[in-house]
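Okay, so here's the structure we're looking at.
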Amino acid sequence: MLRGALTLLLLFLLGGCALVAPETGTRAPIPKPDPAQCLADLRASGARFRELTDISTPDGCQVANAVELQRLASGLNRPATMSCPTALALARFDSAVLRPMAKEYLGQSVRTIHHVGAYDCRNQRDGKRISQHGLGRAIDLWAIELGDGTILKIRDDWRGKTARTTYLRKAAKGACDIFHLVLTPSSDYDHKDHLHLDLGPWKRCW
Ligand SMILES: [Zn+2]
């Protein structure tokens, strides 16, 4: 009886690990602010965006309170679709982390945040669950362009002993105070060239 219970517990734990990897942090509540308040806050942040109708696909992807974000205090290389709370988190990341840290560590402003995708209806690597990208809660950043035109690439500047590396790593750490999950080139090979930032159900800072 006891052995059976232990076996079940072990299977549960192993199953749990397989299910949550690599997001094996602690549970984080999904932010669900009042949609109108979120839009007002986003507008007040100085972001430029347009409201979209809610997204819902037969595959299970959905984004409520969706926006197409066009720029923050810093520019975006191209518009990005995401939920309003994700856009608001990105605006906070830009104004509270990316921009002041660029001044502090590099003596520069930030001209453009280069991303390689926010909303994207796809599964996670396990092929079973919808990616946080499919729920409008995630964005992948591959480079930060400074005021002087220098482009700091996650792929090239994440490792080293330069001020660029210090800046990118401090900024990723700062992202952890705003987003739930932050994956970097230090996390795994899949993130060798970008930062994945999301407001999904797991809190973990890599
Ligand atoms: Zn991602």
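For the structure tokens, the naming scheme is as follows: chains receive sequential letters (A, B, ...) according to their order of presentation, residues are indexed from 1 within each chain, and ligands are indexed from 1 in presentation order.
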Open item on the list: At a cut-off of 10 Å, using only C-alpha atoms, what residues contact Arg164 of chain A? Leave out same-chain residues fewer than 6 positions from it and give the result as a ChimeraX atom specification.
Closed with: /A:102,105-106,151-154,156-158,170
Open item on the list: I want to know what sits within 12 Å of segment 31-48 of chain A, based on only C-alpha atoms, with residues of the same chain fewer than 3 positions away left out; could you give that as a PyMOL selection string?
Closed with: chain A and resi 28+51-52+54+63-76+79-80+83-96+137+178-180+198-201
Open item on the list: Here is a test: counting only C-alpha atoms, which residue of A:Lys192, A:Arg99, A:Arg125, A:Arg155 is nearest to Ala171 of chain A?
Closed with: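 Comparing A:Lys192, A:Arg99, A:Arg125, A:Arg155 against Ala171 of chain A, the winner is A:Arg99.
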Contacts of chain A with ligand 1 up to 8 Å, shortest pair per row, only C-alpha atoms and all ligand atoms, as CSV:
```
residue,atom,partner,partner_atom_place_in_ligand_line,distance
A:Gly117,CA,ligand 1,1 (Zn),7.6
A:Ala118,CA,ligand 1,1 (Zn),7.5
A:Gln132,CA,ligand 1,1 (Zn),7.6
A:His133,CA,ligand 1,1 (Zn),6.4
A:Ala138,CA,ligand 1,1 (Zn),6.0
A:Ile139,CA,ligand 1,1 (Zn),5.6
A:Asp140,CA,ligand 1,1 (Zn),4.7
A:Leu195,CA,ligand 1,1 (Zn),7.3
A:His196,CA,ligand 1,1 (Zn),4.3
A:Leu197,CA,ligand 1,1 (Zn),6.6
A:Asp198,CA,ligand 1,1 (Zn),7.5
```
- [ ] Could you jot down the atom CA of Leu181 of chain A to atom CA of His114 of chain A separation for me, Å, one decimal place?
- [x] 19.0 Å
Task: Test item: residues at most 10 Å from Asp59 of chain A, only C-alpha atoms, excluding those fewer than 4 positions along its chain, as a list of chain:residue names - done: A:Cys121, A:Arg122, A:Asn123, A:Ile130, A:Gly134
- [ ] Rounded to one decimal place, report the atom CA of Cys61 of chain A-atom CA of Leu135 of chain A distance in Å.
- [x]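 One can read the atom CA of Cys61 of chain A to atom CA of Leu135 of chain A distance as 5.7 Å.
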Task: Which residue of A:Met82, A:Leu141, A:Leu168, A:Ala163 approaches His194 of chain A most closely, using only C-alpha atoms - done: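 Nearest to His194 of chain A: A:Leu141.
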- [ ] Taking the DSSP assignment computed from this structure's backbone, write out as a PyMOL selection string all residues of segment 61-97 of chain A that belong to strand (DSSP E or B).
- [x] chain A and resi 62-63+66-71+75-83
Let me see the file: selected residues, N, CA and C atoms, as a PDB file, in the first residue's frame.
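Heads up, here's the output in part29.pdb:
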```pdb
ATOM      1  N   GLN A  62      -4.979  32.558 -27.531  1.00  0.00           N
ATOM      2  CA  GLN A  62      -5.889  33.679 -27.284  1.00  0.00           C
ATOM      3  C   GLN A  62      -5.193  34.815 -26.564  1.00  0.00           C
ATOM      4  N   VAL A  63      -5.588  36.004 -26.950  1.00  0.00           N
ATOM      5  CA  VAL A  63      -5.077  37.224 -26.319  1.00  0.00           C
ATOM      6  C   VAL A  63      -6.260  38.152 -26.081  1.00  0.00           C
ATOM      7  N   ALA A  66      -5.890  42.860 -26.290  1.00  0.00           N
ATOM      8  CA  ALA A  66      -4.722  42.835 -27.186  1.00  0.00           C
ATOM      9  C   ALA A  66      -4.404  44.222 -27.736  1.00  0.00           C
ATOM     10  N   VAL A  67      -3.136  44.481 -27.905  1.00  0.00           N
ATOM     11  CA  VAL A  67      -2.707  45.738 -28.517  1.00  0.00           C
ATOM     12  C   VAL A  67      -1.611  45.454 -29.539  1.00  0.00           C
ATOM     13  N   GLU A  68      -1.504  46.356 -30.505  1.00  0.00           N
ATOM     14  CA  GLU A  68      -0.339  46.348 -31.381  1.00  0.00           C
ATOM     15  C   GLU A  68       0.534  47.502 -30.911  1.00  0.00           C
ATOM     16  N   LEU A  69       1.638  47.148 -30.292  1.00  0.00           N
ATOM     17  CA  LEU A  69       2.533  48.153 -29.724  1.00  0.00           C
ATOM     18  C   LEU A  69       3.454  48.677 -30.824  1.00  0.00           C
ATOM     19  N   GLN A  70       3.492  50.004 -30.969  1.00  0.00           N
ATOM     20  CA  GLN A  70       4.303  50.590 -32.053  1.00  0.00           C
ATOM     21  C   GLN A  70       5.598  51.195 -31.547  1.00  0.00           C
ATOM     22  N   ARG A  71       5.557  51.825 -30.369  1.00  0.00           N
ATOM     23  CA  ARG A  71       6.799  52.302 -29.775  1.00  0.00           C
ATOM     24  C   ARG A  71       6.593  52.564 -28.290  1.00  0.00           C
ATOM     25  N   GLY A  75      12.105  53.287 -29.332  1.00  0.00           N
ATOM     26  CA  GLY A  75      11.382  52.756 -30.487  1.00  0.00           C
ATOM     27  C   GLY A  75      11.395  51.234 -30.494  1.00  0.00           C
ATOM     28  N   LEU A  76      10.563  50.681 -31.354  1.00  0.00           N
ATOM     29  CA  LEU A  76      10.594  49.234 -31.614  1.00  0.00           C
ATOM     30  C   LEU A  76      10.983  49.046 -33.065  1.00  0.00           C
ATOM     31  N   ASN A  77      11.720  47.992 -33.371  1.00  0.00           N
ATOM     32  CA  ASN A  77      12.137  47.774 -34.757  1.00  0.00           C
ATOM     33  C   ASN A  77      10.939  47.515 -35.664  1.00  0.00           C
ATOM     34  N   ARG A  78       9.882  46.962 -35.095  1.00  0.00           N
ATOM     35  CA  ARG A  78       8.623  46.794 -35.837  1.00  0.00           C
ATOM     36  C   ARG A  78       7.513  46.608 -34.809  1.00  0.00           C
ATOM     37  N   PRO A  79       6.256  46.858 -35.210  1.00  0.00           N
ATOM     38  CA  PRO A  79       5.161  46.715 -34.251  1.00  0.00           C
ATOM     39  C   PRO A  79       5.083  45.294 -33.700  1.00  0.00           C
ATOM     40  N   ALA A  80       4.547  45.174 -32.490  1.00  0.00           N
ATOM     41  CA  ALA A  80       4.464  43.865 -31.842  1.00  0.00           C
ATOM     42  C   ALA A  80       3.089  43.709 -31.199  1.00  0.00           C
ATOM     43  N   THR A  81       2.473  42.557 -31.439  1.00  0.00           N
ATOM     44  CA  THR A  81       1.160  42.277 -30.860  1.00  0.00           C
ATOM     45  C   THR A  81       1.321  41.509 -29.560  1.00  0.00           C
ATOM     46  N   MET A  82       0.590  41.929 -28.541  1.00  0.00           N
ATOM     47  CA  MET A  82       0.658  41.285 -27.218  1.00  0.00           C
ATOM     48  C   MET A  82      -0.519  41.758 -26.384  1.00  0.00           C
ATOM     49  N   SER A  83      -0.661  41.193 -25.198  1.00  0.00           N
ATOM     50  CA  SER A  83      -1.720  41.666 -24.309  1.00  0.00           C
ATOM     51  C   SER A  83      -1.291  43.002 -23.723  1.00  0.00           C
TER      52      SER A  83
END
```
TODO: Would you work out the distance separating atom CA of Ala143 of chain A from atom CA of Gly25 of chain A, expressed in Å to one decimal?
DONE: 26.0 Å
